[in-house]
$ cat run00.cif   # mmCIF, C-alpha atoms and all ligand atoms
data_my_file
#
loop_
_atom_site.label_atom_id
_atom_site.label_comp_id
_atom_site.auth_asym_id
_atom_site.auth_seq_id
_atom_site.Cartn_x
_atom_site.Cartn_y
_atom_site.Cartn_z
CA MET A 93 145.68 -49.01 143.57
CA VAL A 94 148.61 -51.37 144.10
CA THR A 95 152.27 -50.76 144.88
CA ILE A 96 155.02 -51.42 142.33
CA GLU A 97 155.97 -54.61 144.20
CA GLU A 98 152.36 -55.81 144.32
CA ALA A 99 151.93 -55.15 140.60
CA HIS A 100 155.06 -57.16 139.83
CA LYS A 101 153.91 -59.99 142.07
CA ILE A 102 150.46 -60.14 140.47
CA ILE A 103 152.09 -60.35 137.04
CA LYS A 104 154.63 -62.94 138.14
CA ASP A 105 152.01 -65.12 139.84
CA GLN A 106 149.92 -65.59 136.70
CA LYS A 107 149.56 -69.26 135.94
CA ILE A 108 150.62 -69.65 132.36
CA ARG A 109 150.58 -72.60 130.01
CA LEU A 110 153.78 -72.17 128.04
CA LYS A 111 153.65 -73.30 124.44
CA THR A 112 156.55 -74.86 122.63
CA GLU A 113 157.54 -75.20 119.01
CA THR A 114 160.30 -76.73 116.93
CA ARG A 115 162.46 -74.18 115.14
CA ARG A 116 165.27 -74.42 112.68
CA LEU A 117 168.65 -73.64 114.20
CA SER A 118 169.00 -70.48 112.09
CA ASP A 119 165.69 -69.14 113.48
CA CYS A 120 166.36 -69.65 117.17
CA LEU A 121 168.14 -66.46 118.18
CA GLY A 122 166.57 -65.03 121.34
CA PHE A 123 164.25 -67.99 121.91
CA SER A 124 164.42 -69.95 125.14
CA ILE A 125 165.13 -73.62 125.02
CA SER A 126 162.14 -75.67 126.26
CA GLU A 127 163.95 -78.83 127.26
CA GLU A 128 167.33 -79.59 128.73
CA LEU A 129 169.94 -80.11 126.02
CA ASN A 130 172.66 -82.71 126.52
CA ALA A 131 175.72 -83.33 124.37
CA PRO A 132 174.99 -86.11 121.85
CA PHE A 133 178.72 -86.92 121.57
CA ASP A 134 182.09 -85.92 122.96
CA MET A 135 183.37 -82.56 121.79
CA PRO A 136 185.89 -82.58 120.21
CA SER A 137 184.93 -86.03 119.03
CA PHE A 138 188.55 -87.00 118.22
CA ASP A 139 192.01 -85.86 119.34
CA ASN A 140 193.09 -83.15 116.90
CA SER A 141 195.82 -80.65 116.31
CA ALA A 142 195.55 -77.11 117.70
CA MET A 143 198.29 -75.89 115.36
CA ASP A 144 199.72 -76.06 111.89
CA GLY A 145 202.95 -78.00 112.49
CA TYR A 146 204.12 -81.54 113.11
CA ALA A 147 202.63 -84.42 115.07
CA LEU A 148 205.46 -86.17 116.90
CA CYS A 149 205.95 -89.62 118.32
CA GLY A 150 208.26 -89.62 121.34
CA ILE A 151 209.94 -86.66 123.00
CA SER A 152 213.09 -85.51 121.23
CA GLN A 153 214.30 -82.75 118.90
CA GLU A 154 214.90 -84.81 115.75
CA TYR A 155 212.32 -86.79 113.75
CA ILE A 156 211.78 -88.40 110.37
CA ILE A 157 208.77 -87.07 108.47
CA VAL A 158 206.64 -89.96 107.23
CA GLY A 159 203.56 -88.23 105.79
CA GLU A 160 200.95 -85.52 106.03
CA VAL A 161 197.45 -85.19 107.50
CA ALA A 162 195.13 -82.26 106.83
CA ALA A 163 191.83 -81.22 108.46
CA GLY A 164 189.08 -83.56 107.32
CA ASP A 165 191.47 -86.31 106.17
CA LYS A 166 190.20 -89.81 106.82
CA LYS A 167 193.54 -91.61 106.51
CA GLN A 168 194.83 -93.33 109.65
CA PHE A 169 198.48 -93.03 110.66
CA GLU A 170 200.18 -95.01 113.31
CA LEU A 171 203.44 -93.36 114.30
CA LYS A 172 206.52 -95.10 115.63
CA GLU A 173 209.05 -93.57 118.02
CA GLY A 174 211.06 -90.89 116.20
CA GLU A 175 208.49 -90.37 113.44
CA ALA A 176 206.54 -87.24 112.67
CA VAL A 177 203.80 -86.17 110.22
CA ARG A 178 203.06 -82.77 108.81
CA ILE A 179 199.73 -81.77 110.37
CA PHE A 180 197.28 -78.88 110.09
CA THR A 181 194.88 -77.27 112.58
CA GLY A 182 191.83 -79.43 113.22
CA ALA A 183 193.32 -82.57 111.64
CA LYS A 184 192.94 -85.85 113.54
CA VAL A 185 196.27 -86.62 115.23
CA PRO A 186 197.81 -89.99 114.29
CA GLU A 187 197.87 -92.92 116.73
CA ASN A 188 200.78 -92.66 119.20
CA THR A 189 201.19 -88.88 118.84
CA SER A 190 203.04 -87.53 121.87
CA ALA A 191 202.74 -83.84 121.01
CA VAL A 192 202.32 -81.35 118.20
CA MET A 193 204.97 -78.73 117.53
CA MET A 194 203.96 -75.52 115.78
CA GLN A 195 205.69 -75.09 112.45
CA GLU A 196 207.27 -71.77 113.48
CA LYS A 197 209.51 -73.69 115.91
CA THR A 198 210.75 -76.24 113.36
CA SER A 199 213.11 -76.58 110.42
CA VAL A 200 212.99 -79.21 107.70
CA ALA A 201 215.74 -80.67 105.54
CA GLY A 202 214.46 -83.34 103.17
CA ASN A 203 212.55 -85.74 105.40
CA LYS A 204 214.41 -84.64 108.54
CA LEU A 205 212.61 -82.48 111.06
CA SER A 206 214.48 -80.50 113.73
CA LEU A 207 212.78 -78.68 116.59
CA GLU A 208 214.06 -75.47 118.20
CA GLN A 209 212.90 -76.73 121.58
CA MET A 210 211.95 -79.95 123.32
CA PRO A 211 208.23 -80.70 122.96
CA LYS A 212 206.11 -81.21 126.08
CA GLU A 213 204.00 -84.36 126.30
CA GLY A 214 200.49 -83.60 124.96
CA GLN A 215 201.20 -80.04 123.82
CA SER A 216 198.96 -78.50 121.13
CA ILE A 217 196.63 -81.51 121.07
CA ARG A 218 192.94 -80.81 121.56
CA ARG A 219 191.72 -83.88 123.39
CA LYS A 220 188.55 -85.81 122.60
CA GLY A 221 185.83 -84.65 125.02
CA GLU A 222 187.92 -81.86 126.58
CA GLU A 223 185.10 -79.34 126.05
CA LEU A 224 182.05 -81.58 126.48
CA THR A 225 181.57 -85.25 127.16
CA LYS A 226 178.68 -87.22 125.72
CA GLY A 227 175.54 -86.71 127.83
CA GLN A 228 176.88 -83.61 129.61
CA LEU A 229 174.35 -80.82 130.24
CA VAL A 230 174.80 -78.13 127.58
CA PHE A 231 171.78 -75.89 128.31
CA GLU A 232 169.27 -75.87 131.11
CA LYS A 233 165.61 -75.49 130.19
CA GLY A 234 164.78 -71.78 129.81
CA THR A 235 168.22 -70.71 128.60
CA THR A 236 167.95 -67.94 126.04
CA ILE A 237 169.79 -68.77 122.86
CA THR A 238 172.55 -66.33 121.91
CA PRO A 239 174.66 -66.31 118.73
CA ALA A 240 177.32 -68.34 120.58
CA GLY A 241 174.56 -70.71 121.70
CA ILE A 242 173.47 -71.15 118.10
CA GLY A 243 177.08 -71.91 117.16
CA LEU A 244 177.35 -74.44 119.96
CA ILE A 245 174.10 -76.20 119.04
CA GLY A 246 175.20 -76.32 115.40
CA SER A 247 178.56 -77.78 116.41
CA LEU A 248 176.65 -80.57 118.12
CA GLY A 249 175.07 -81.38 114.77
CA ILE A 250 171.57 -80.30 115.85
CA GLN A 251 169.41 -78.59 113.24
CA LYS A 252 165.97 -78.57 114.95
CA VAL A 253 165.56 -77.05 118.39
CA GLU A 254 162.64 -77.26 120.83
CA VAL A 255 161.94 -73.76 122.14
CA PHE A 256 159.18 -71.89 123.94
CA ARG A 257 156.94 -70.03 121.53
CA LYS A 258 157.08 -66.25 121.80
CA PRO A 259 153.79 -64.47 122.48
CA VAL A 260 151.75 -62.88 119.71
CA ILE A 261 151.43 -59.21 120.61
CA ASN A 262 148.75 -56.85 119.32
CA LEU A 263 148.72 -53.12 119.83
CA ILE A 264 145.76 -50.73 119.97
CA THR A 265 146.23 -46.99 120.36
CA THR A 266 143.24 -44.84 121.23
CA GLY A 267 142.56 -41.11 120.90
CA ASN A 268 140.59 -38.74 118.70
CA GLU A 269 143.52 -36.37 118.55
CA LEU A 270 145.94 -38.86 117.04
CA ILE A 271 147.11 -38.74 113.47
CA GLU A 272 149.54 -40.89 111.56
CA PRO A 273 153.07 -39.40 111.12
CA GLY A 274 153.56 -38.24 107.54
CA LYS A 275 150.05 -36.83 107.20
CA PRO A 276 149.30 -33.10 107.51
CA LYS A 277 148.29 -32.16 111.05
CA ALA A 278 145.18 -30.09 111.78
CA GLU A 279 144.60 -27.81 114.79
CA GLY A 280 144.33 -29.84 117.99
CA GLN A 281 145.83 -32.99 116.52
CA ILE A 282 149.05 -34.66 117.55
CA TYR A 283 151.02 -37.36 115.86
CA GLU A 284 150.45 -40.90 117.06
CA SER A 285 153.85 -42.07 118.26
CA ASN A 286 153.24 -44.61 121.02
CA SER A 287 152.62 -47.49 118.67
CA TYR A 288 155.99 -46.87 117.03
CA ALA A 289 157.81 -46.61 120.35
CA LEU A 290 156.08 -49.68 121.82
CA ALA A 291 156.46 -51.85 118.72
CA SER A 292 160.15 -51.03 118.53
CA ALA A 293 160.59 -51.61 122.26
CA CYS A 294 159.15 -55.09 121.65
CA GLU A 295 161.58 -55.56 118.80
CA GLN A 296 164.53 -54.32 120.86
CA PHE A 297 164.09 -57.33 123.13
CA GLY A 298 163.30 -59.87 120.43
CA PHE A 299 159.50 -59.71 120.45
CA LYS A 300 157.38 -58.99 117.42
CA CYS A 301 154.33 -56.80 117.42
CA GLY A 302 151.74 -58.42 115.17
CA ASN A 303 148.71 -56.25 114.60
CA LYS A 304 148.66 -52.46 115.11
CA LYS A 305 145.43 -50.52 115.20
CA GLN A 306 144.46 -46.89 115.91
CA ILE A 307 140.90 -46.34 117.22
CA GLU A 308 139.03 -43.14 118.02
CA ASP A 309 137.61 -42.41 121.48
CA ASP A 310 134.36 -44.18 120.69
CA PHE A 311 133.16 -46.78 123.18
CA GLU A 312 131.65 -49.19 120.64
CA ALA A 313 134.64 -48.92 118.30
CA ILE A 314 137.07 -49.59 121.13
CA LYS A 315 134.97 -52.49 122.39
CA LEU A 316 134.87 -54.05 118.92
CA GLY A 317 138.58 -53.41 118.36
CA ILE A 318 139.43 -55.20 121.62
CA LYS A 319 137.09 -58.09 120.77
CA LYS A 320 138.73 -58.64 117.38
CA SER A 321 142.22 -58.24 118.71
CA LEU A 322 141.68 -60.76 121.50
CA GLU A 323 140.87 -63.39 118.89
CA THR A 324 144.42 -63.38 117.59
CA THR A 325 146.65 -62.36 120.47
CA ASP A 326 148.43 -63.61 123.54
CA VAL A 327 149.16 -60.12 124.82
CA LEU A 328 147.13 -57.07 123.91
CA ILE A 329 148.78 -53.75 124.65
CA LEU A 330 146.52 -50.70 124.62
CA SER A 331 147.68 -47.13 124.86
CA GLY A 332 145.56 -44.22 126.08
CA GLY A 333 141.99 -43.99 127.29
CA ILE A 334 142.65 -45.78 130.58
CA SER A 335 142.65 -42.72 132.82
CA VAL A 336 139.66 -40.99 134.42
CA GLY A 337 138.69 -38.62 131.59
CA ASP A 338 135.20 -38.59 130.08
CA TYR A 339 136.54 -40.18 126.89
CA ASP A 340 138.57 -42.89 128.61
CA TYR A 341 136.58 -45.94 127.57
CA VAL A 342 139.22 -48.64 127.58
CA LYS A 343 138.59 -50.11 131.04
CA GLN A 344 134.86 -50.51 130.50
CA ALA A 345 135.38 -51.87 127.00
CA LEU A 346 137.74 -54.49 128.42
CA GLU A 347 135.21 -55.46 131.10
CA GLU A 348 132.46 -55.83 128.52
CA ASN A 349 134.77 -58.14 126.56
CA GLY A 350 135.11 -60.41 129.59
CA VAL A 351 138.61 -59.31 130.52
CA LYS A 352 139.08 -59.60 134.28
CA GLU A 353 141.04 -56.87 136.00
CA LYS A 354 144.14 -58.07 137.86
CA PHE A 355 145.14 -54.58 138.93
CA TYR A 356 144.32 -51.03 137.99
CA LYS A 357 146.49 -48.09 138.99
CA VAL A 358 149.98 -48.43 140.39
CA PHE A 359 151.33 -46.09 143.04
CA GLN A 360 154.21 -44.76 140.94
CA LYS A 361 155.27 -41.90 138.75
CA PRO A 362 154.91 -41.89 135.83
CA GLY A 363 152.34 -44.49 134.80
CA LYS A 364 149.79 -44.40 137.60
CA PRO A 365 146.78 -45.41 135.47
CA LEU A 366 148.29 -48.73 134.40
CA TYR A 367 145.87 -51.63 133.96
CA PHE A 368 146.58 -55.36 133.77
CA GLY A 369 143.89 -57.93 133.04
CA ARG A 370 143.32 -61.42 131.77
CA LYS A 371 140.75 -63.31 129.78
CA SER A 372 141.46 -67.02 129.82
CA GLU A 373 144.94 -67.34 128.22
CA GLN A 374 144.97 -63.78 126.87
CA PHE A 375 146.55 -60.93 128.77
CA VAL A 376 145.95 -57.22 128.51
CA PHE A 377 148.08 -54.27 129.49
CA ALA A 378 146.37 -50.91 129.10
CA LEU A 379 149.06 -48.27 129.32
CA PRO A 380 148.52 -44.57 129.91
CA GLY A 381 148.69 -42.53 126.71
CA ASN A 382 151.38 -40.11 127.75
CA PRO A 383 154.40 -41.20 125.72
CA ALA A 384 156.92 -41.41 128.55
CA SER A 385 154.42 -43.19 130.81
CA SER A 386 153.49 -45.79 128.25
CA LEU A 387 157.09 -46.62 127.41
CA SER A 388 158.14 -46.70 131.09
CA CYS A 389 155.26 -49.05 131.87
CA PHE A 390 156.29 -51.23 128.96
CA TYR A 391 159.85 -51.51 130.23
CA VAL A 392 158.94 -52.03 133.87
CA TYR A 393 155.89 -54.32 133.59
CA VAL A 394 155.18 -55.57 130.07
CA LEU A 395 158.72 -56.66 129.20
CA PRO A 396 159.17 -58.94 132.24
CA PHE A 397 155.83 -60.53 131.38
CA LEU A 398 156.81 -61.08 127.74
CA TYR A 399 159.93 -62.87 128.98
CA GLN A 400 157.78 -64.91 131.35
CA LEU A 401 155.44 -65.92 128.52
CA SER A 402 158.35 -66.94 126.35
CA GLY A 403 159.81 -69.24 129.01
CA SER A 404 162.87 -67.07 129.47
CA ALA A 405 164.87 -66.95 132.67
CA LYS A 406 165.27 -63.18 132.13
CA ASN A 407 163.01 -60.99 134.19
CA GLY A 408 163.17 -57.61 132.51
CA LEU A 409 165.62 -54.83 131.97
CA GLN A 410 169.08 -55.17 133.43
CA ARG A 411 169.38 -53.38 136.77
CA TYR A 412 172.55 -51.85 138.11
CA SER A 413 173.35 -49.17 140.64
CA PHE A 414 175.44 -46.17 139.70
CA PRO A 415 176.66 -43.15 141.66
CA ILE A 416 174.57 -40.08 140.88
CA SER A 417 176.34 -37.05 139.38
CA HIS A 418 174.42 -34.45 141.40
CA ASP A 419 172.22 -34.03 144.48
CA PHE A 420 168.67 -35.11 143.77
CA ALA A 421 165.45 -35.12 145.79
CA ASN A 422 162.23 -36.91 144.87
CA LYS A 423 159.88 -34.66 146.79
CA GLY A 424 156.75 -36.43 145.55
CA ASP A 425 154.84 -39.05 147.51
CA ARG A 426 155.15 -41.68 144.75
CA PRO A 427 158.22 -43.79 143.89
CA SER A 428 159.53 -42.60 140.55
CA PHE A 429 161.12 -43.98 137.42
CA LEU A 430 163.16 -41.05 136.17
CA LYS A 431 164.60 -40.55 132.74
CA ALA A 432 168.33 -40.71 133.19
CA LYS A 433 171.62 -40.99 131.40
CA ILE A 434 174.51 -43.15 132.44
CA SER A 435 177.89 -42.12 131.10
CA ASN A 436 181.35 -43.07 132.35
CA GLY A 437 179.79 -45.09 135.14
CA ILE A 438 177.84 -42.14 136.59
CA VAL A 439 174.11 -41.47 136.33
CA GLU A 440 172.51 -38.10 135.72
CA ILE A 441 168.79 -37.45 136.17
CA LEU A 442 167.74 -35.56 133.06
CA ASP A 443 165.62 -32.43 132.75
CA GLY A 444 162.11 -32.88 131.34
CA GLN A 445 160.56 -35.51 133.58
CA GLY A 446 156.94 -34.79 132.56
CA SER A 447 154.90 -37.89 131.63
CA SER A 448 154.28 -36.48 128.20
CA MET A 449 157.97 -35.72 127.58
CA ILE A 450 159.79 -38.23 125.43
CA LEU A 451 162.78 -36.02 124.53
CA SER A 452 164.70 -36.82 127.72
CA MET A 453 163.93 -40.51 127.30
CA ALA A 454 165.21 -40.41 123.72
CA HIS A 455 168.42 -38.73 124.91
CA GLY A 456 168.81 -41.01 127.93
CA ASN A 457 169.66 -44.67 128.33
CA ALA A 458 168.18 -45.58 131.70
CA LEU A 459 165.32 -45.21 134.12
CA ALA A 460 166.60 -44.30 137.57
CA PHE A 461 164.43 -45.60 140.37
CA ILE A 462 164.08 -43.22 143.29
CA ASP A 463 161.72 -43.88 146.15
CA ALA A 464 159.11 -41.38 147.32
CA GLU A 465 160.33 -38.49 149.47
CA THR A 466 163.93 -39.62 149.10
CA SER A 467 167.02 -37.48 148.63
CA HIS A 468 170.35 -38.55 147.24
CA LYS A 469 173.59 -36.68 147.65
CA LYS A 470 176.03 -36.55 144.75
CA GLY A 471 177.99 -39.82 144.62
CA GLU A 472 175.35 -41.94 146.34
CA MET A 473 174.26 -45.08 144.56
CA VAL A 474 171.00 -45.06 142.62
CA GLU A 475 169.32 -48.10 141.10
CA CYS A 476 168.98 -47.87 137.31
CA LEU A 477 167.14 -49.93 134.72
CA LEU A 478 169.04 -49.95 131.46
CA ILE A 479 166.81 -49.17 128.51
CA SER A 480 169.52 -49.34 125.88
P1 LIG A 501 145.20 -40.49 127.53
O1 LIG A 501 145.92 -41.51 128.34
O2 LIG A 501 144.38 -41.04 126.44
O3 LIG A 501 144.44 -39.57 128.43
O4 LIG A 501 146.33 -39.60 126.85
C1 LIG A 501 147.24 -38.88 127.63
C2 LIG A 501 148.11 -38.01 126.76
O5 LIG A 501 148.88 -38.81 125.91
C3 LIG A 501 147.33 -37.07 125.85
O6 LIG A 501 148.03 -35.85 125.79
C4 LIG A 501 147.35 -37.77 124.52
O7 LIG A 501 147.24 -36.89 123.45
C5 LIG A 501 148.70 -38.44 124.55
N1 LIG A 501 148.67 -39.66 123.76
C6 LIG A 501 147.76 -40.65 123.89
N2 LIG A 501 147.98 -41.62 123.02
C7 LIG A 501 149.07 -41.27 122.31
C8 LIG A 501 149.80 -41.87 121.26
N3 LIG A 501 149.44 -43.06 120.76
N4 LIG A 501 150.86 -41.21 120.76
C9 LIG A 501 151.23 -40.03 121.27
N5 LIG A 501 150.59 -39.41 122.27
C10 LIG A 501 149.51 -40.01 122.79
MG MG A 502 143.04 -40.28 125.17
#
$ encode --input "run00.cif" --output "structure tokens"
Amino acid sequence: MVTIEEAHKIIKDQKIRLKTETRRLSDCLGFSISEELNAPFDMPSFDNSAMDGYALCGISQEYIIVGEVAAGDKKQFELKEGEAVRIFTGAKVPENTSAVMMQEKTSVAGNKLSLEQMPKEGQSIRRKGEELTKGQLVFEKGTTITPAGIGLIGSLGIQKVEVFRKPVINLITTGNELIEPGKPKAEGQIYESNSYALASACEQFGFKCGNKKQIEDDFEAIKLGIKKSLETTDVLILSGGISVGDYDYVKQALEENGVKEKFYKVFQKPGKPLYFGRKSEQFVFALPGNPASSLSCFYVYVLPFLYQLSGSAKNGLQRYSFPISHDFANKGDRPSFLKAKISNGIVEILDGQGSSMILSMAHGNALAFIDAETSHKKGEMVECLLIS
């Protein structure tokens, strides 16, 4: 048995060979950049107008209009003192432009332009390189690419991006009692739901679950299922069969497949019978079958590791502290991740904390962490992991 901190450290300390790939810009969302990205040119790459209006040469209130320049125009103007050109947002400003005046502050009679106010030197001109200069660091290695990041990379003219490959994840659920949702349920059966919850938890954070398999509590079948799955996976997630029951074959089946245990059992509630192991470059999490335990363990342990494997600087769920809405005592001897709901900046510990109970988790949006034998008075701060 290890503590929560020890389990995290064991996971974090795994030596991993990160793999990279080249992806098209449009397929990079949520991937982490695998090499530093520097600006290939100044941005903007030419002085341009921030407004629809007039580009002015010299500072005065009267000008002669000598032409027009629109966004994308290639023509070159060279203005002389007292001259102006009609200009539009994004258009390259002519040589010798002192300022741009927005059209709302102007009036035109023939080729004569009058301004309502004196222009200020340089106003409404977006200067070459004011956002980025050539060679400037745009992204550090490991930065996760957001929609704005995609926009920025595109604006630098880059279409192929070097990123860390995301892990291939396989999922095996075990249990004789489990039946596929949608099928009629016989006495003693329950619907298999963990694979749906776990696969969608992967998806929620930008990871894809490849292969899903349901196996009965049969040692040979589980052993074979693990063997096959390990051939195609970076991370194998198992659910159920890892506890101490007579039909809990997962641990032994992993051993017989050459998976080396890194830890088994974590001093926590829920999710005590959590297993983490490794075979060469493949990693295995065997999660307890109880629905709330398996999903909690995913959020607390598997997710940080998926980020780690994908070269991300993120290390799991976001953590914030919130004042608690009521007195609460964790009388148990294990630190607990409690199903909780944050609303209006206050956290409430929900009813229905049993490991098998998923209702409170489905209604909640956080896991509140409360240490063993610890009481909190209403209004005291409690650390929360945000699950949605
Ligand atoms: P186990 O960890 O196999 O002892 O299972 C613990 C509890 O979780 C039992 O009540 C199982 O029926 C339930 N359980 C196990 N696997 C699943 C699953 N995939 N979906 C829903 N419930 C499950
Ligand atoms: Mg079972």
$ residues_near_point --input "run00.cif" --point "(171.6, -43.6, 128.4)" --cutoff "9 Å" --atoms "all atoms listed in the file" --output "PyMOL selection string"
chain A and resi 431-435+439+453-459+478-480
$ residues_around --input "run00.cif" --residues "Thr266 (chain A)" --least-positions-apart "6" --cutoff "6 Å" --atoms "all atoms listed in the file" --output "VMD selection string"
chain A and resid 306 to 308 332
$ write_last_selection --input "run00.cif" --atoms "C-alpha atoms" --output "short mmCIF file (atom, residue, chain, number, x, y, z; two decimals), in the frame of the given file"
data_model
loop_
_atom_site.label_atom_id
_atom_site.label_comp_id
_atom_site.auth_asym_id
_atom_site.auth_seq_id
_atom_site.Cartn_x
_atom_site.Cartn_y
_atom_site.Cartn_z
CA GLN A 306 144.46 -46.89 115.91
CA ILE A 307 140.90 -46.34 117.22
CA GLU A 308 139.03 -43.14 118.02
CA GLY A 332 145.56 -44.22 126.08
#
$ residues_around --input "run00.cif" --residues "region 239-243 of chain A" --least-positions-apart "3" --cutoff "10 Å" --atoms "only C-alpha atoms" --output "list in words"
Leu117, Ser118, Asp119, Cys120, Leu121, Gly122, Val230, Phe231, Thr235, Thr236, Gly246, Ser247, Leu248, Gly249, Ile250, Gln251 and Val253 of chain A
$ closest_residue --input "run00.cif" --among "A:Phe180, A:Tyr341, A:Tyr155, A:Phe256" --to "ligand LIG 501 (chain A)" --atoms "all atoms listed in the file"
A:Tyr341
$ closest_residue --input "run00.cif" --among "A:Ser292, A:Asn436, A:Ser372, A:Gln215" --to "Ser417 (chain A)" --atoms "only C-alpha atoms"
A:Asn436
$ closest_atom_pairs --input "run00.cif" --of "chain A" --to "ligand MG 502 (chain A)" --cutoff "8 Å" --atoms "all atoms listed in the file" --output "CSV"
residue,atom,partner,partner_atom,distance
A:Thr266,CA,A:MG502,MG,6.0
A:Gly267,CA,A:MG502,MG,4.4
A:Asn268,CA,A:MG502,MG,7.1
A:Glu269,CA,A:MG502,MG,7.7
A:Asp309,CA,A:MG502,MG,6.9
A:Gly332,CA,A:MG502,MG,4.8
A:Gly333,CA,A:MG502,MG,4.4
A:Ile334,CA,A:MG502,MG,7.7
A:Gly337,CA,A:MG502,MG,7.9
A:Tyr339,CA,A:MG502,MG,6.7
A:Asp340,CA,A:MG502,MG,6.2
A:Gly381,CA,A:MG502,MG,6.3
$ residues_near_ligand --input "run00.cif" --ligand "ligand LIG 501 (chain A)" --cutoff "10 Å" --atoms "all atoms listed in the file" --output "VMD selection string"
chain A and resid 264 to 272 280 to 290 306 to 307 309 330 to 342 363 365 to 366 378 to 386 447 to 450
$ write_last_selection --input "run00.cif" --atoms "C-alpha atoms" --output "PDB file, in the frame of the given file"
ATOM      1  CA  ILE A 264     145.760 -50.730 119.970  1.00  0.00           C
ATOM      2  CA  THR A 265     146.230 -46.990 120.360  1.00  0.00           C
ATOM      3  CA  THR A 266     143.240 -44.840 121.230  1.00  0.00           C
ATOM      4  CA  GLY A 267     142.560 -41.110 120.900  1.00  0.00           C
ATOM      5  CA  ASN A 268     140.590 -38.740 118.700  1.00  0.00           C
ATOM      6  CA  GLU A 269     143.520 -36.370 118.550  1.00  0.00           C
ATOM      7  CA  LEU A 270     145.940 -38.860 117.040  1.00  0.00           C
ATOM      8  CA  ILE A 271     147.110 -38.740 113.470  1.00  0.00           C
ATOM      9  CA  GLU A 272     149.540 -40.890 111.560  1.00  0.00           C
ATOM     10  CA  GLY A 280     144.330 -29.840 117.990  1.00  0.00           C
ATOM     11  CA  GLN A 281     145.830 -32.990 116.520  1.00  0.00           C
ATOM     12  CA  ILE A 282     149.050 -34.660 117.550  1.00  0.00           C
ATOM     13  CA  TYR A 283     151.020 -37.360 115.860  1.00  0.00           C
ATOM     14  CA  GLU A 284     150.450 -40.900 117.060  1.00  0.00           C
ATOM     15  CA  SER A 285     153.850 -42.070 118.260  1.00  0.00           C
ATOM     16  CA  ASN A 286     153.240 -44.610 121.020  1.00  0.00           C
ATOM     17  CA  SER A 287     152.620 -47.490 118.670  1.00  0.00           C
ATOM     18  CA  TYR A 288     155.990 -46.870 117.030  1.00  0.00           C
ATOM     19  CA  ALA A 289     157.810 -46.610 120.350  1.00  0.00           C
ATOM     20  CA  LEU A 290     156.080 -49.680 121.820  1.00  0.00           C
ATOM     21  CA  GLN A 306     144.460 -46.890 115.910  1.00  0.00           C
ATOM     22  CA  ILE A 307     140.900 -46.340 117.220  1.00  0.00           C
ATOM     23  CA  ASP A 309     137.610 -42.410 121.480  1.00  0.00           C
ATOM     24  CA  LEU A 330     146.520 -50.700 124.620  1.00  0.00           C
ATOM     25  CA  SER A 331     147.680 -47.130 124.860  1.00  0.00           C
ATOM     26  CA  GLY A 332     145.560 -44.220 126.080  1.00  0.00           C
ATOM     27  CA  GLY A 333     141.990 -43.990 127.290  1.00  0.00           C
ATOM     28  CA  ILE A 334     142.650 -45.780 130.580  1.00  0.00           C
ATOM     29  CA  SER A 335     142.650 -42.720 132.820  1.00  0.00           C
ATOM     30  CA  VAL A 336     139.660 -40.990 134.420  1.00  0.00           C
ATOM     31  CA  GLY A 337     138.690 -38.620 131.590  1.00  0.00           C
ATOM     32  CA  ASP A 338     135.200 -38.590 130.080  1.00  0.00           C
ATOM     33  CA  TYR A 339     136.540 -40.180 126.890  1.00  0.00           C
ATOM     34  CA  ASP A 340     138.570 -42.890 128.610  1.00  0.00           C
ATOM     35  CA  TYR A 341     136.580 -45.940 127.570  1.00  0.00           C
ATOM     36  CA  VAL A 342     139.220 -48.640 127.580  1.00  0.00           C
ATOM     37  CA  GLY A 363     152.340 -44.490 134.800  1.00  0.00           C
ATOM     38  CA  PRO A 365     146.780 -45.410 135.470  1.00  0.00           C
ATOM     39  CA  LEU A 366     148.290 -48.730 134.400  1.00  0.00           C
ATOM     40  CA  ALA A 378     146.370 -50.910 129.100  1.00  0.00           C
ATOM     41  CA  LEU A 379     149.060 -48.270 129.320  1.00  0.00           C
ATOM     42  CA  PRO A 380     148.520 -44.570 129.910  1.00  0.00           C
ATOM     43  CA  GLY A 381     148.690 -42.530 126.710  1.00  0.00           C
ATOM     44  CA  ASN A 382     151.380 -40.110 127.750  1.00  0.00           C
ATOM     45  CA  PRO A 383     154.400 -41.200 125.720  1.00  0.00           C
ATOM     46  CA  ALA A 384     156.920 -41.410 128.550  1.00  0.00           C
ATOM     47  CA  SER A 385     154.420 -43.190 130.810  1.00  0.00           C
ATOM     48  CA  SER A 386     153.490 -45.790 128.250  1.00  0.00           C
ATOM     49  CA  SER A 447     154.900 -37.890 131.630  1.00  0.00           C
ATOM     50  CA  SER A 448     154.280 -36.480 128.200  1.00  0.00           C
ATOM     51  CA  MET A 449     157.970 -35.720 127.580  1.00  0.00           C
ATOM     52  CA  ILE A 450     159.790 -38.230 125.430  1.00  0.00           C
TER      53      ILE A 450
END
